[in-house]
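Okay, so here's the structure we're looking at.
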Amino acid sequence: MSSKFQAPRGTFDVLPAAAMTRRRIEHTAAAILARAGYEPIATPSFEDTELFERGVGHSTDIVRKEMFTFEDKGGRSLTLRPEGTAPICRAYLEHGMQRLAQPVKLSYVGPFFRHERPQAGRYRQFHQLGAEAIGTDSPLADAELIGLLAELLAEIGVPGVELRLGSLGSLDARQAYLEELRAHLRAHEGELAREVHERIDANPLRAFDADDEGTRAVMAEAPKLVERLEGEDAEHFAEVRGLLDAAGVEHAIDPTLVRGLDYYTRTIFSFVCDRLGAQSEIGGGGRYDGLIEQLGGKPTPAVGWAAGIERIMLALEEEEAAPGRDVFVAVAEGGEARRAALVAAELRQAGLSAEVDLAGRGLKGQLKHADRIGARRVLILDSGGAQLRDMASGEQRPVEASKLIEEIVGGQA
Ligand code: HAM
């Protein structure tokens, strides 16, 4: 009988088969990032609302519409974190990490929350893996991080991945371009979607992201920022591209690429997967050279990315097979359940996976259960001795009581 309760809209339970795949993804990421010197960090699941308002930006969809914000009993406004970069910058400042050797390279994994309209690949609680390098403006850092995400997706086996690359220039340099873009948008006001129209002043770049035909047609003719880059911005972008080319990381320049957070400067990138529907971005990120200052610190350039674990899983499309068990320790008529439990514990100490019956089944029932849980071998204890049964071949042979553990561990390979 199912209960009247269900997981809240936009959330889901991670059942064991999917949990195995997640674990593999997280382990792969942890290993790849650790080898490159990114150290794990964890920040709270909620923060002061103002951190996101200031960090992510008032005019973004995230802050305008998608935050889970609540007041605590002390009257503070808190928000379930919609993303991880602003919290990590907050932690960087709070713990004086600017005094450490720079850059500070960090990695993280955990749940994030956005009140979006749920659909495949878009949830209200989802999980990100991320990496940030804080305290470097070197294009080497951009290329390193992009290369690491490419390596990670390849190692996990995500098919059909494409990397799109763009640059937003530095904040000052962008102003002139934004004026030019606003002028273009105003000249075509009547053809724009209402939302885009309303944000001409606050966030004209988002017009590149609109999916209505009118706005798209206007944007096809709009001036593009990557074509306007000058001086150090242009050099930085050229350097990142050159480094990616040299490392064999395939990428396409996308002059219309924009991201849903306001803190980006210079390099932005997006890994998309052709196996996914509308929510095709697996992971993305970029430089955020102004964010630490925005949060009250000294100017500190930084770059990073985050990838969505659920989207990686959707792209993989298959779940890991349950790992099976090495040994099931069964008891025959006259055998002692207590002895089985001790033998199983010893086998586990020796490094094997071993289980016993916990439901009072007869021998036949135990063998059936061992088969259902994928046990490769069953050790059957009876009053006098023990038999070892290979579940694949059905072969059964006696094992000497004094050598039980050695025989089983030895026969494992
Ligand atoms: P983001 O693009 O907003 O960037 O999110 C990163 C990834 O999280 C997306 O590419 C997507 O895979 C996943 N994601 C986002 N929203 C959802 C959702 N509602 N359901 C499922 N998956 C989702 C950031 O969050 C930045 N903090 C990335 C970054 C790090 N930039 C610099 N450093």
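In the structure tokens, the first chain shown is A, the next is B, and so on; residue numbers restart at 1 for each chain, and ligands run from 1 in the order shown.
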
Legend entry - Selection: 7 Å around A:Ser167, only C-alpha atoms, excl. self and same-chain fewer than 6 positions, as a ChimeraX atom specification: /A:226,237,266-268

Inset, instruction - Name the residues in contact with stretch 135-142 of chain A at a cut-off of 8 Å, using only C-alpha atoms, excluding same-chain residues fewer than 5 positions from it; report them as a PyMOL selection string. - result: chain A and resi 98+102-104+236-237+239-240+243+267+286-287+289+300-304

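What separates atom CA of A:Arg311 from atom CA of A:Arg35 is a distance of 24.3 Å.
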
Counting only C-alpha atoms and all ligand atoms, which protein, DNA or RNA residues come within 8 Å of ligand 1, given as a PDB file with N, CA, C and O atoms, in the first residue's frame?
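Okay, this is what ended up in result15.pdb:
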ATOM      1  N   PRO A  82      21.064  28.473  -4.276  1.00  0.00           N
ATOM      2  CA  PRO A  82      20.738  28.095  -5.658  1.00  0.00           C
ATOM      3  C   PRO A  82      21.987  27.747  -6.452  1.00  0.00           C
ATOM      4  O   PRO A  82      21.897  27.179  -7.548  1.00  0.00           O
ATOM      5  N   GLU A  83      23.149  28.099  -5.923  1.00  0.00           N
ATOM      6  CA  GLU A  83      24.413  27.831  -6.622  1.00  0.00           C
ATOM      7  C   GLU A  83      25.543  27.909  -5.599  1.00  0.00           C
ATOM      8  O   GLU A  83      25.327  28.321  -4.450  1.00  0.00           O
ATOM      9  N   GLY A  84      26.758  27.500  -6.010  1.00  0.00           N
ATOM     10  CA  GLY A  84      27.820  27.339  -5.027  1.00  0.00           C
ATOM     11  C   GLY A  84      28.946  28.359  -5.057  1.00  0.00           C
ATOM     12  O   GLY A  84      29.770  28.397  -4.141  1.00  0.00           O
ATOM     13  N   THR A  85      28.996  29.174  -6.106  1.00  0.00           N
ATOM     14  CA  THR A  85      30.165  30.044  -6.258  1.00  0.00           C
ATOM     15  C   THR A  85      30.166  31.208  -5.265  1.00  0.00           C
ATOM     16  O   THR A  85      31.195  31.485  -4.634  1.00  0.00           O
ATOM     17  N   ALA A  86      29.010  31.865  -5.121  1.00  0.00           N
ATOM     18  CA  ALA A  86      28.940  32.968  -4.148  1.00  0.00           C
ATOM     19  C   ALA A  86      29.232  32.466  -2.722  1.00  0.00           C
ATOM     20  O   ALA A  86      30.016  33.095  -1.999  1.00  0.00           O
ATOM     21  N   PHE A 113      19.264  24.322  -4.837  1.00  0.00           N
ATOM     22  CA  PHE A 113      17.801  24.464  -4.838  1.00  0.00           C
ATOM     23  C   PHE A 113      17.377  25.644  -5.708  1.00  0.00           C
ATOM     24  O   PHE A 113      17.866  26.767  -5.511  1.00  0.00           O
ATOM     25  N   ARG A 114      16.494  25.377  -6.652  1.00  0.00           N
ATOM     26  CA  ARG A 114      15.935  26.461  -7.460  1.00  0.00           C
ATOM     27  C   ARG A 114      14.465  26.166  -7.683  1.00  0.00           C
ATOM     28  O   ARG A 114      14.122  25.048  -8.096  1.00  0.00           O
ATOM     29  N   HIS A 115      13.641  27.176  -7.462  1.00  0.00           N
ATOM     30  CA  HIS A 115      12.210  26.982  -7.637  1.00  0.00           C
ATOM     31  C   HIS A 115      11.865  27.200  -9.104  1.00  0.00           C
ATOM     32  O   HIS A 115      11.331  28.230  -9.491  1.00  0.00           O
ATOM     33  N   GLU A 116      12.218  26.211  -9.929  1.00  0.00           N
ATOM     34  CA  GLU A 116      11.965  26.298 -11.365  1.00  0.00           C
ATOM     35  C   GLU A 116      10.789  25.398 -11.703  1.00  0.00           C
ATOM     36  O   GLU A 116      10.386  24.552 -10.909  1.00  0.00           O
ATOM     37  N   PRO A 118       9.432  22.254 -12.958  1.00  0.00           N
ATOM     38  CA  PRO A 118      10.127  20.977 -13.153  1.00  0.00           C
ATOM     39  C   PRO A 118       9.883  20.392 -14.536  1.00  0.00           C
ATOM     40  O   PRO A 118       8.804  20.513 -15.089  1.00  0.00           O
ATOM     41  N   GLY A 121      15.413  16.850 -16.443  1.00  0.00           N
ATOM     42  CA  GLY A 121      16.692  17.559 -16.327  1.00  0.00           C
ATOM     43  C   GLY A 121      16.606  18.864 -15.564  1.00  0.00           C
ATOM     44  O   GLY A 121      17.614  19.551 -15.412  1.00  0.00           O
ATOM     45  N   ARG A 122      15.399  19.221 -15.098  1.00  0.00           N
ATOM     46  CA  ARG A 122      15.294  20.456 -14.311  1.00  0.00           C
ATOM     47  C   ARG A 122      14.477  20.167 -13.059  1.00  0.00           C
ATOM     48  O   ARG A 122      13.314  19.785 -13.137  1.00  0.00           O
ATOM     49  N   TYR A 123      15.132  20.307 -11.928  1.00  0.00           N
ATOM     50  CA  TYR A 123      14.521  19.932 -10.660  1.00  0.00           C
ATOM     51  C   TYR A 123      14.621  21.086  -9.678  1.00  0.00           C
ATOM     52  O   TYR A 123      15.358  22.036  -9.899  1.00  0.00           O
ATOM     53  N   ARG A 124      13.872  20.962  -8.591  1.00  0.00           N
ATOM     54  CA  ARG A 124      13.929  22.026  -7.571  1.00  0.00           C
ATOM     55  C   ARG A 124      15.030  21.746  -6.554  1.00  0.00           C
ATOM     56  O   ARG A 124      15.554  22.659  -5.940  1.00  0.00           O
ATOM     57  N   GLN A 125      15.347  20.471  -6.374  1.00  0.00           N
ATOM     58  CA  GLN A 125      16.580  20.126  -5.658  1.00  0.00           C
ATOM     59  C   GLN A 125      17.398  19.278  -6.616  1.00  0.00           C
ATOM     60  O   GLN A 125      16.920  18.260  -7.117  1.00  0.00           O
ATOM     61  N   PHE A 126      18.606  19.738  -6.904  1.00  0.00           N
ATOM     62  CA  PHE A 126      19.471  18.995  -7.815  1.00  0.00           C
ATOM     63  C   PHE A 126      20.878  19.003  -7.220  1.00  0.00           C
ATOM     64  O   PHE A 126      21.099  19.591  -6.171  1.00  0.00           O
ATOM     65  N   HIS A 127      21.800  18.332  -7.889  1.00  0.00           N
ATOM     66  CA  HIS A 127      23.141  18.202  -7.301  1.00  0.00           C
ATOM     67  C   HIS A 127      24.193  18.662  -8.298  1.00  0.00           C
ATOM     68  O   HIS A 127      24.120  18.330  -9.477  1.00  0.00           O
ATOM     69  N   GLN A 128      25.128  19.419  -7.804  1.00  0.00           N
ATOM     70  CA  GLN A 128      26.222  19.892  -8.655  1.00  0.00           C
ATOM     71  C   GLN A 128      27.553  19.383  -8.131  1.00  0.00           C
ATOM     72  O   GLN A 128      27.769  19.270  -6.932  1.00  0.00           O
ATOM     73  N   GLY A 130      31.439  20.787  -8.563  1.00  0.00           N
ATOM     74  CA  GLY A 130      32.008  22.043  -9.047  1.00  0.00           C
ATOM     75  C   GLY A 130      33.467  22.190  -8.688  1.00  0.00           C
ATOM     76  O   GLY A 130      33.997  21.464  -7.822  1.00  0.00           O
ATOM     77  N   ALA A 131      34.120  23.120  -9.359  1.00  0.00           N
ATOM     78  CA  ALA A 131      35.526  23.416  -9.076  1.00  0.00           C
ATOM     79  C   ALA A 131      35.754  24.904  -9.290  1.00  0.00           C
ATOM     80  O   ALA A 131      35.170  25.494 -10.206  1.00  0.00           O
ATOM     81  N   GLU A 132      36.568  25.513  -8.429  1.00  0.00           N
ATOM     82  CA  GLU A 132      36.838  26.945  -8.528  1.00  0.00           C
ATOM     83  C   GLU A 132      38.328  27.174  -8.278  1.00  0.00           C
ATOM     84  O   GLU A 132      38.923  26.517  -7.426  1.00  0.00           O
ATOM     85  N   ARG A 259      25.146  33.452 -19.814  1.00  0.00           N
ATOM     86  CA  ARG A 259      24.856  32.565 -18.699  1.00  0.00           C
ATOM     87  C   ARG A 259      23.889  33.234 -17.734  1.00  0.00           C
ATOM     88  O   ARG A 259      23.768  34.445 -17.721  1.00  0.00           O
ATOM     89  N   GLY A 260      23.227  32.412 -16.937  1.00  0.00           N
ATOM     90  CA  GLY A 260      22.151  32.931 -16.103  1.00  0.00           C
ATOM     91  C   GLY A 260      22.577  33.584 -14.797  1.00  0.00           C
ATOM     92  O   GLY A 260      21.753  33.789 -13.922  1.00  0.00           O
ATOM     93  N   LEU A 261      23.856  33.871 -14.640  1.00  0.00           N
ATOM     94  CA  LEU A 261      24.327  34.518 -13.421  1.00  0.00           C
ATOM     95  C   LEU A 261      25.102  35.762 -13.837  1.00  0.00           C
ATOM     96  O   LEU A 261      25.809  35.747 -14.848  1.00  0.00           O
ATOM     97  N   TYR A 264      29.707  36.806 -14.225  1.00  0.00           N
ATOM     98  CA  TYR A 264      30.739  36.400 -15.179  1.00  0.00           C
ATOM     99  C   TYR A 264      31.433  37.570 -15.866  1.00  0.00           C
ATOM    100  O   TYR A 264      30.824  38.599 -16.164  1.00  0.00           O
ATOM    101  N   SER A 270      30.175  26.387 -21.847  1.00  0.00           N
ATOM    102  CA  SER A 270      29.022  25.544 -21.596  1.00  0.00           C
ATOM    103  C   SER A 270      29.250  24.198 -22.287  1.00  0.00           C
ATOM    104  O   SER A 270      29.561  24.153 -23.475  1.00  0.00           O
ATOM    105  N   PHE A 271      29.117  23.123 -21.544  1.00  0.00           N
ATOM    106  CA  PHE A 271      29.182  21.785 -22.123  1.00  0.00           C
ATOM    107  C   PHE A 271      27.744  21.321 -22.333  1.00  0.00           C
ATOM    108  O   PHE A 271      26.987  21.224 -21.366  1.00  0.00           O
ATOM    109  N   GLN A 279      16.799  20.914 -21.672  1.00  0.00           N
ATOM    110  CA  GLN A 279      17.822  21.246 -20.664  1.00  0.00           C
ATOM    111  C   GLN A 279      19.113  20.542 -21.048  1.00  0.00           C
ATOM    112  O   GLN A 279      19.522  19.568 -20.444  1.00  0.00           O
ATOM    113  N   SER A 280      19.763  21.065 -22.094  1.00  0.00           N
ATOM    114  CA  SER A 280      20.865  20.298 -22.672  1.00  0.00           C
ATOM    115  C   SER A 280      22.223  20.612 -22.050  1.00  0.00           C
ATOM    116  O   SER A 280      23.201  19.971 -22.380  1.00  0.00           O
ATOM    117  N   GLU A 281      22.278  21.589 -21.149  1.00  0.00           N
ATOM    118  CA  GLU A 281      23.590  21.907 -20.572  1.00  0.00           C
ATOM    119  C   GLU A 281      23.925  20.959 -19.424  1.00  0.00           C
ATOM    120  O   GLU A 281      23.246  20.889 -18.416  1.00  0.00           O
ATOM    121  N   ILE A 282      25.046  20.264 -19.604  1.00  0.00           N
ATOM    122  CA  ILE A 282      25.515  19.338 -18.572  1.00  0.00           C
ATOM    123  C   ILE A 282      26.285  20.094 -17.503  1.00  0.00           C
ATOM    124  O   ILE A 282      26.210  19.791 -16.321  1.00  0.00           O
ATOM    125  N   GLY A 283      27.056  21.063 -17.953  1.00  0.00           N
ATOM    126  CA  GLY A 283      27.858  21.825 -16.998  1.00  0.00           C
ATOM    127  C   GLY A 283      28.386  23.068 -17.665  1.00  0.00           C
ATOM    128  O   GLY A 283      28.459  23.143 -18.899  1.00  0.00           O
ATOM    129  N   GLY A 284      28.743  24.033 -16.839  1.00  0.00           N
ATOM    130  CA  GLY A 284      29.279  25.253 -17.429  1.00  0.00           C
ATOM    131  C   GLY A 284      29.813  26.175 -16.356  1.00  0.00           C
ATOM    132  O   GLY A 284      29.684  25.909 -15.158  1.00  0.00           O
ATOM    133  N   GLY A 285      30.408  27.253 -16.807  1.00  0.00           N
ATOM    134  CA  GLY A 285      30.954  28.192 -15.842  1.00  0.00           C
ATOM    135  C   GLY A 285      31.703  29.291 -16.554  1.00  0.00           C
ATOM    136  O   GLY A 285      31.420  29.599 -17.719  1.00  0.00           O
ATOM    137  N   GLY A 286      32.681  29.825 -15.877  1.00  0.00           N
ATOM    138  CA  GLY A 286      33.468  30.888 -16.478  1.00  0.00           C
ATOM    139  C   GLY A 286      34.223  31.673 -15.426  1.00  0.00           C
ATOM    140  O   GLY A 286      34.307  31.267 -14.265  1.00  0.00           O
ATOM    141  N   ARG A 287      34.750  32.798 -15.882  1.00  0.00           N
ATOM    142  CA  ARG A 287      35.497  33.685 -15.002  1.00  0.00           C
ATOM    143  C   ARG A 287      34.566  34.605 -14.245  1.00  0.00           C
ATOM    144  O   ARG A 287      33.506  34.988 -14.753  1.00  0.00           O
ATOM    145  N   TYR A 288      34.928  34.931 -13.025  1.00  0.00           N
ATOM    146  CA  TYR A 288      34.117  35.895 -12.260  1.00  0.00           C
ATOM    147  C   TYR A 288      35.075  36.814 -11.500  1.00  0.00           C
ATOM    148  O   TYR A 288      35.168  36.789 -10.281  1.00  0.00           O
ATOM    149  N   VAL A 303      37.972  31.769 -11.470  1.00  0.00           N
ATOM    150  CA  VAL A 303      37.290  31.055 -12.560  1.00  0.00           C
ATOM    151  C   VAL A 303      36.829  29.702 -12.034  1.00  0.00           C
ATOM    152  O   VAL A 303      37.453  29.146 -11.115  1.00  0.00           O
ATOM    153  N   GLY A 304      35.741  29.173 -12.595  1.00  0.00           N
ATOM    154  CA  GLY A 304      35.260  27.868 -12.125  1.00  0.00           C
ATOM    155  C   GLY A 304      34.107  27.348 -12.957  1.00  0.00           C
ATOM    156  O   GLY A 304      33.710  27.962 -13.942  1.00  0.00           O
ATOM    157  N   TRP A 305      33.604  26.203 -12.561  1.00  0.00           N
ATOM    158  CA  TRP A 305      32.448  25.602 -13.239  1.00  0.00           C
ATOM    159  C   TRP A 305      31.657  24.721 -12.275  1.00  0.00           C
ATOM    160  O   TRP A 305      32.162  24.363 -11.199  1.00  0.00           O
ATOM    161  N   ALA A 306      30.460  24.388 -12.704  1.00  0.00           N
ATOM    162  CA  ALA A 306      29.686  23.368 -12.002  1.00  0.00           C
ATOM    163  C   ALA A 306      28.975  22.513 -13.042  1.00  0.00           C
ATOM    164  O   ALA A 306      28.596  23.004 -14.101  1.00  0.00           O
ATOM    165  N   ALA A 307      28.830  21.227 -12.717  1.00  0.00           N
ATOM    166  CA  ALA A 307      28.130  20.307 -13.611  1.00  0.00           C
ATOM    167  C   ALA A 307      26.977  19.675 -12.834  1.00  0.00           C
ATOM    168  O   ALA A 307      27.082  19.428 -11.636  1.00  0.00           O
ATOM    169  N   GLY A 308      25.867  19.437 -13.525  1.00  0.00           N
ATOM    170  CA  GLY A 308      24.696  18.866 -12.868  1.00  0.00           C
ATOM    171  C   GLY A 308      24.752  17.338 -12.887  1.00  0.00           C
ATOM    172  O   GLY A 308      24.819  16.732 -13.957  1.00  0.00           O
ATOM    173  N   ILE A 309      24.725  16.752 -11.712  1.00  0.00           N
ATOM    174  CA  ILE A 309      24.837  15.282 -11.641  1.00  0.00           C
ATOM    175  C   ILE A 309      23.627  14.610 -12.296  1.00  0.00           C
ATOM    176  O   ILE A 309      23.772  13.629 -13.033  1.00  0.00           O
ATOM    177  N   GLU A 310      22.423  15.158 -12.086  1.00  0.00           N
ATOM    178  CA  GLU A 310      21.229  14.534 -12.690  1.00  0.00           C
ATOM    179  C   GLU A 310      21.311  14.573 -14.211  1.00  0.00           C
ATOM    180  O   GLU A 310      20.894  13.636 -14.888  1.00  0.00           O
ATOM    181  N   ARG A 311      21.848  15.672 -14.744  1.00  0.00           N
ATOM    182  CA  ARG A 311      21.935  15.762 -16.214  1.00  0.00           C
ATOM    183  C   ARG A 311      22.980  14.783 -16.746  1.00  0.00           C
ATOM    184  O   ARG A 311      22.797  14.191 -17.800  1.00  0.00           O
ATOM    185  N   ILE A 312      24.054  14.590 -16.007  1.00  0.00           N
ATOM    186  CA  ILE A 312      25.047  13.584 -16.412  1.00  0.00           C
ATOM    187  C   ILE A 312      24.370  12.217 -16.440  1.00  0.00           C
ATOM    188  O   ILE A 312      24.506  11.445 -17.383  1.00  0.00           O
TER     189      ILE A 312
END

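For A:Glu179, the residues within 12 Å (counting only C-alpha atoms, excluding itself and residues fewer than 3 positions away along the chain) are Asp172, Ala173, Arg174, Gln175, Ala176, Arg182, Ala183, His184, Leu185, Arg186, Ile200, Asp201, Ala202, Asn203, Pro204, Leu205, Ala222, Pro223 and Leu225 of chain A.
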
Written selection (N, CA, C and O atoms) as a short mmCIF file (atom, residue, chain, number, x, y, z; two decimals), in the first residue's frame:
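The file below, selection-v6.cif, is the result:
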data_model
loop_
_atom_site.label_atom_id
_atom_site.label_comp_id
_atom_site.auth_asym_id
_atom_site.auth_seq_id
_atom_site.Cartn_x
_atom_site.Cartn_y
_atom_site.Cartn_z
N ASP A 172 34.45 46.75 -17.27
CA ASP A 172 34.51 48.11 -17.83
C ASP A 172 34.36 48.08 -19.34
O ASP A 172 33.60 48.83 -19.92
N ALA A 173 35.11 47.16 -19.94
CA ALA A 173 35.11 47.10 -21.40
C ALA A 173 33.72 46.75 -21.93
O ALA A 173 33.35 47.14 -23.02
N ARG A 174 32.95 46.03 -21.10
CA ARG A 174 31.65 45.57 -21.57
C ARG A 174 30.64 46.71 -21.69
O ARG A 174 29.68 46.62 -22.44
N GLN A 175 30.86 47.79 -20.91
CA GLN A 175 29.84 48.85 -20.85
C GLN A 175 29.51 49.43 -22.22
O GLN A 175 28.34 49.61 -22.56
N ALA A 176 30.55 49.72 -23.00
CA ALA A 176 30.31 50.33 -24.31
C ALA A 176 29.50 49.38 -25.18
O ALA A 176 28.56 49.78 -25.86
N ARG A 182 21.84 47.69 -26.20
CA ARG A 182 20.56 48.31 -25.78
C ARG A 182 19.96 49.12 -26.92
O ARG A 182 18.76 49.06 -27.17
N ALA A 183 20.83 49.85 -27.62
CA ALA A 183 20.34 50.67 -28.74
C ALA A 183 19.71 49.77 -29.80
O ALA A 183 18.63 50.06 -30.33
N HIS A 184 20.36 48.65 -30.08
CA HIS A 184 19.81 47.70 -31.06
C HIS A 184 18.46 47.17 -30.59
O HIS A 184 17.50 47.09 -31.37
N LEU A 185 18.37 46.82 -29.30
CA LEU A 185 17.12 46.27 -28.77
C LEU A 185 16.01 47.33 -28.82
O LEU A 185 14.87 47.03 -29.20
N ARG A 186 16.35 48.55 -28.45
CA ARG A 186 15.32 49.62 -28.45
C ARG A 186 14.82 49.88 -29.86
O ARG A 186 13.64 50.14 -30.07
N ILE A 200 15.65 45.43 -20.89
CA ILE A 200 16.63 46.08 -21.78
C ILE A 200 17.67 46.83 -20.96
O ILE A 200 18.86 46.75 -21.23
N ASP A 201 17.20 47.54 -19.93
CA ASP A 201 18.16 48.30 -19.12
C ASP A 201 18.96 47.40 -18.19
O ASP A 201 20.17 47.49 -18.12
N ALA A 202 18.25 46.53 -17.47
CA ALA A 202 18.90 45.77 -16.40
C ALA A 202 19.79 44.65 -16.93
O ALA A 202 20.88 44.42 -16.40
N ASN A 203 19.36 43.94 -17.95
CA ASN A 203 20.08 42.74 -18.35
C ASN A 203 19.91 42.44 -19.84
O ASN A 203 19.33 41.43 -20.22
N PRO A 204 20.43 43.34 -20.70
CA PRO A 204 20.18 43.16 -22.13
C PRO A 204 20.78 41.88 -22.70
O PRO A 204 20.25 41.31 -23.65
N LEU A 205 21.87 41.36 -22.07
CA LEU A 205 22.51 40.15 -22.61
C LEU A 205 21.58 38.95 -22.62
O LEU A 205 21.70 38.05 -23.46
N ALA A 222 21.94 41.23 -33.95
CA ALA A 222 22.51 42.07 -32.89
C ALA A 222 24.03 42.06 -32.93
O ALA A 222 24.64 41.09 -33.40
N PRO A 223 24.66 43.15 -32.47
CA PRO A 223 26.12 43.14 -32.36
C PRO A 223 26.55 42.06 -31.37
O PRO A 223 25.85 41.80 -30.39
N LEU A 225 29.39 40.41 -28.71
CA LEU A 225 30.47 40.85 -27.83
C LEU A 225 31.82 40.24 -28.20
O LEU A 225 32.84 40.93 -28.18
#
